[in-house]
Amino acid sequence: MNSEAGIISDPVTIIGAGIAGAACARVLRDADVPFRIVDRGRAPGGRMSSPELHGRRVDLGAGYFTVRDQEFATVVADWESGGLARQWANTFGILKPETVPCTTTGPVRWATPNGLRSLVRNMLDGFDIEHSTELTDLPDGHVVVAMPDPQATRLTAVPDAVDYDPVIAVACGFDGLDIPFRDAAFVNDHPDIDFVVDDGARRGDGAPVLVVHTTSGRAQQHLDNPDGAIAPVLDALRELSVVSADPAWTHAHRWTFAKPAAQHDSNFELQHRDGRFVGLAGDQWCESGVPRVESAWRSGTDVGRELVRRLSH
Ligand SMILES: Cc1cc2nc3c(=O)[nH]c(=O)nc-3n(C[C@H](O)[C@H](O)[C@H](O)COP(=O)(O)OP(=O)(O)OC[C@H]3O[C@@H](n4cnc5c(N)ncnc54)[C@H](O)[C@@H]3O)c2cc1C
């Protein structure tokens, strides 16, 4: 392929195998642009993380996804027909200290029987991912950096980089559950937790497992030792009458860069520097203003398309 930056001899390097990097890879594949994809993790998915805990997968990062983007809807329809994703719920509980629980209805939330990571695995099926490869500099050639700005700035300049808020996700396995909401609940006005999900309902296997997301304030206090968040999370669950029994097991996961505190007002950045292209993508590149799984997909798709367009001229 001839390009603005010369004939492509080396593959484009996509750094980050989250959903933004995976969406970019699909676009390059469809345009026959050679690429490699590297990730510092041992598995793809990034914040769509579903490790196996006590014999089953648990979604420890993104809890679900929504489908407002029309083109993303066609991708999701394929996942649904392949049994990879299903419509889960549109009504969640609301818990608030010293208040009777109520509910709120919003958009349909989608979940997966095998964990959200399975969707990214599906997108990257057939591609060789260079796992456990943490880059500390930009490699030669064209590059797409698909990750949160605080991580991207370790590799390259990011204009007006946005900060991210941390979350510690605590998974708790019980012998049985009798909870005051269906599916999941937002927690309002609590200093320590802001979301509780019935992971068995979400995954559809009925397992008595809750996943709790801390507030960013509580997470900040435990970034050096995420297990320190477990006791305040359990205290919060008891205070809100979600559970009274002790869990059989717990597991804490730190997300230092969980959610963007602000967004860029475009879906990606593609710079032409020193004879090569450097693309920036991820959920923070979000002109819709609502960063999440579907906006990360949109960002990776759009940066891939623009790169293909510029390489073709
Ligand atoms: C606790 C939590 C709850 C959430 N809840 C929701 C929700 O309910 N709904 C929703 O839609 N979204 C939710 N999100 C947000 C959602 O997970 C993200 O918007 C989406 O997954 C972002 O994808 P991404 O590809 O932009 O980034 P990421 O998934 O972060 O991917 C970036 C990848 O880059 C890799 N990487 C970073 N630095 C390097 C390096 N130097 N070298 C190599 N690889 C590197 C990382 O390992 C990672 O795999 C949640 C996130 C968290 C953490």
# chains A, B, ... in the order shown; residues from 1 in each chain; ligands from 1
>>> residues_around(residues="range 186-189 of chain A", least_positions_apart="5", cutoff="8 Å", atoms="only C-alpha atoms", output="list of chain:residue names")
A:Phe92, A:Gly93, A:Ile94, A:Leu95, A:Lys96, A:Pro97, A:Asp194, A:Phe195, A:Val196
>>> write_last_selection(atoms="N, CA and C atoms", output="mmCIF file, in the first residue's frame")
data_model
loop_
_atom_site.group_PDB
_atom_site.id
_atom_site.type_symbol
_atom_site.label_atom_id
_atom_site.label_comp_id
_atom_site.auth_asym_id
_atom_site.auth_seq_id
_atom_site.Cartn_x
_atom_site.Cartn_y
_atom_site.Cartn_z
ATOM 1 N N PHE A 92 -32.222 -1.329 37.764
ATOM 2 C CA PHE A 92 -31.298 -1.637 38.857
ATOM 3 C C PHE A 92 -31.861 -1.047 40.152
ATOM 4 N N GLY A 93 -31.385 -1.587 41.272
ATOM 5 C CA GLY A 93 -31.747 -1.021 42.567
ATOM 6 C C GLY A 93 -30.988 0.273 42.840
ATOM 7 N N ILE A 94 -31.493 0.992 43.814
ATOM 8 C CA ILE A 94 -30.754 2.129 44.364
ATOM 9 C C ILE A 94 -30.711 1.939 45.878
ATOM 10 N N LEU A 95 -29.510 1.914 46.409
ATOM 11 C CA LEU A 95 -29.331 1.782 47.855
ATOM 12 C C LEU A 95 -28.759 3.089 48.380
ATOM 13 N N LYS A 96 -29.229 3.462 49.571
ATOM 14 C CA LYS A 96 -28.761 4.694 50.189
ATOM 15 C C LYS A 96 -28.812 4.458 51.691
ATOM 16 N N PRO A 97 -27.787 4.891 52.437
ATOM 17 C CA PRO A 97 -27.812 4.639 53.877
ATOM 18 C C PRO A 97 -29.117 5.135 54.502
ATOM 19 N N ASP A 194 -19.976 2.369 45.538
ATOM 20 C CA ASP A 194 -21.003 3.024 44.703
ATOM 21 C C ASP A 194 -21.746 2.080 43.764
ATOM 22 N N PHE A 195 -21.388 0.783 43.762
ATOM 23 C CA PHE A 195 -22.101 -0.142 42.870
ATOM 24 C C PHE A 195 -21.947 -1.556 43.415
ATOM 25 N N VAL A 196 -23.034 -2.300 43.401
ATOM 26 C CA VAL A 196 -23.005 -3.714 43.815
ATOM 27 C C VAL A 196 -23.730 -4.518 42.748
#
>>> residues_near_ligand(ligand="ligand 1", cutoff="6 Å", atoms="only C-alpha atoms and all ligand atoms", output="PyMOL selection string")
chain A and resi 15-21+38-41+44-48+61-65+133-136+146-148+151+167+169+255+258-259+282-283+291-293+296
>>> write_last_selection(atoms="C-alpha atoms", output="PDB file, in the first residue's frame")
ATOM      1  CA  ILE A  15      -0.335  -1.077  21.702  1.00  0.00           C
ATOM      2  CA  GLY A  16      -3.185  -2.214  23.942  1.00  0.00           C
ATOM      3  CA  ALA A  17      -5.481  -5.207  23.433  1.00  0.00           C
ATOM      4  CA  GLY A  18      -8.519  -3.740  25.149  1.00  0.00           C
ATOM      5  CA  ILE A  19     -11.679  -3.227  23.109  1.00  0.00           C
ATOM      6  CA  ALA A  20     -10.302  -0.032  21.495  1.00  0.00           C
ATOM      7  CA  GLY A  21      -7.143  -1.803  20.265  1.00  0.00           C
ATOM      8  CA  VAL A  38       0.945  -6.032  21.900  1.00  0.00           C
ATOM      9  CA  ASP A  39      -0.328  -5.873  25.458  1.00  0.00           C
ATOM     10  CA  ARG A  40       1.391  -5.924  28.793  1.00  0.00           C
ATOM     11  CA  GLY A  41      -1.292  -8.201  30.260  1.00  0.00           C
ATOM     12  CA  PRO A  44      -6.589  -9.508  26.093  1.00  0.00           C
ATOM     13  CA  GLY A  45      -9.492  -7.382  27.296  1.00  0.00           C
ATOM     14  CA  GLY A  46      -7.874  -4.685  29.418  1.00  0.00           C
ATOM     15  CA  ARG A  47     -10.599  -3.297  31.672  1.00  0.00           C
ATOM     16  CA  MET A  48     -13.054  -5.877  30.299  1.00  0.00           C
ATOM     17  CA  GLY A  61     -13.765  -4.515  35.420  1.00  0.00           C
ATOM     18  CA  ALA A  62     -16.626  -3.227  33.285  1.00  0.00           C
ATOM     19  CA  GLY A  63     -19.858  -4.567  34.724  1.00  0.00           C
ATOM     20  CA  TYR A  64     -21.934  -4.503  31.573  1.00  0.00           C
ATOM     21  CA  PHE A  65     -22.223  -2.513  28.359  1.00  0.00           C
ATOM     22  CA  THR A 133       4.915  -7.192  26.503  1.00  0.00           C
ATOM     23  CA  GLU A 134       5.042  -3.836  28.266  1.00  0.00           C
ATOM     24  CA  LEU A 135       6.419  -1.217  25.904  1.00  0.00           C
ATOM     25  CA  THR A 136       8.273   1.710  27.449  1.00  0.00           C
ATOM     26  CA  ALA A 146      -5.024   2.393  22.679  1.00  0.00           C
ATOM     27  CA  MET A 147      -5.098   2.877  26.449  1.00  0.00           C
ATOM     28  CA  PRO A 148      -5.895   5.438  29.185  1.00  0.00           C
ATOM     29  CA  GLN A 151      -0.580   5.066  30.518  1.00  0.00           C
ATOM     30  CA  VAL A 167     -11.764   1.880  41.608  1.00  0.00           C
ATOM     31  CA  ALA A 169     -13.392  -4.070  42.671  1.00  0.00           C
ATOM     32  CA  TRP A 255      -7.958  -0.350  38.821  1.00  0.00           C
ATOM     33  CA  ALA A 258     -10.661   2.834  35.957  1.00  0.00           C
ATOM     34  CA  LYS A 259     -12.742   5.648  34.470  1.00  0.00           C
ATOM     35  CA  GLY A 282      -9.440   4.565  24.049  1.00  0.00           C
ATOM     36  CA  ASP A 283     -12.574   5.323  26.056  1.00  0.00           C
ATOM     37  CA  PRO A 291     -16.917   7.143  28.029  1.00  0.00           C
ATOM     38  CA  ARG A 292     -17.570   3.454  28.279  1.00  0.00           C
ATOM     39  CA  VAL A 293     -17.180   0.140  26.419  1.00  0.00           C
ATOM     40  CA  ALA A 296     -13.849   2.695  23.324  1.00  0.00           C
TER      41      ALA A 296
END
>>> closest_residue(among="A:Gly289, A:Pro226, A:Pro260, A:Pro180", to="Cys102 in chain A", atoms="only C-alpha atoms")
A:Pro180
>>> select_by_dssp(residues="range 222-261 of chain A", states="strand (DSSP E)", output="ChimeraX atom specification")
/A:249-260
>>> atom_distance(atom1="CA of Gly173 in chain A", atom2="CA of Pro107 in chain A")
28.1 Å
>>> residues_around(residues="Val143 in chain A", least_positions_apart="2", cutoff="8 Å", atoms="only C-alpha atoms", output="MDAnalysis selection string")
chainID A and resid 12:15 138:141 145 277:279
>>> select_by_dssp(residues="range 49-139 of chain A", states="alpha helix (DSSP H)", output="PyMOL selection string")
chain A and resi 70-81+117-123
>>> closest_residue(among="A:Leu223, A:Val120, A:Leu84, A:Leu311", to="Trp297 in chain A", atoms="only C-alpha atoms")
A:Val120
>>> residues_around(residues="Asp224 in chain A", least_positions_apart="3", cutoff="12 Å", atoms="only C-alpha atoms", output="short mmCIF file (atom, residue, chain, number, x, y, z; two decimals) with N, CA and C atoms, in the first residue's frame")
data_model
loop_
_atom_site.label_atom_id
_atom_site.label_comp_id
_atom_site.auth_asym_id
_atom_site.auth_seq_id
_atom_site.Cartn_x
_atom_site.Cartn_y
_atom_site.Cartn_z
N ILE A 168 -11.48 0.14 43.28
CA ILE A 168 -11.10 -1.22 43.67
C ILE A 168 -12.36 -2.07 43.58
N ALA A 219 -10.94 3.99 47.07
CA ALA A 219 -9.87 3.33 46.30
C ALA A 219 -8.53 4.04 46.50
N GLN A 220 -8.55 5.37 46.52
CA GLN A 220 -7.30 6.14 46.68
C GLN A 220 -6.55 5.69 47.93
N GLN A 221 -7.28 5.30 48.96
CA GLN A 221 -6.63 4.96 50.23
C GLN A 221 -5.97 3.58 50.20
N ASP A 227 -6.17 -5.17 49.11
CA ASP A 227 -6.88 -6.02 50.08
C ASP A 227 -7.39 -5.21 51.27
N GLY A 228 -6.76 -4.07 51.53
CA GLY A 228 -7.21 -3.21 52.62
C GLY A 228 -8.60 -2.65 52.40
N ALA A 229 -9.10 -2.72 51.17
CA ALA A 229 -10.46 -2.21 50.88
C ALA A 229 -11.53 -3.24 51.23
N HIS A 253 -9.37 -6.34 43.41
CA HIS A 253 -8.59 -5.98 42.21
C HIS A 253 -8.50 -4.46 42.11
N ARG A 254 -7.30 -3.96 41.93
CA ARG A 254 -7.08 -2.51 41.83
C ARG A 254 -7.14 -2.05 40.37
N TRP A 255 -7.96 -1.03 40.12
CA TRP A 255 -7.96 -0.35 38.82
C TRP A 255 -7.48 1.08 39.07
N THR A 256 -6.21 1.31 38.87
CA THR A 256 -5.67 2.65 39.13
C THR A 256 -6.27 3.65 38.14
#
>>> closest_residue(among="A:Gly200, A:Gly217, A:Pro101, A:Pro208", to="Pro113 in chain A", atoms="only C-alpha atoms")
A:Gly200
>>> residues_around(residues="Arg305 in chain A", least_positions_apart="3", cutoff="12 Å", atoms="only C-alpha atoms", output="number ranges by chain")
A: 23-33, 144, 267-270, 279, 298-302, 308-312
>>> closest_residue(among="A:Thr91, A:Ile179, A:Val158, A:Arg202", to="Arg57 in chain A", atoms="only C-alpha atoms")
A:Arg202
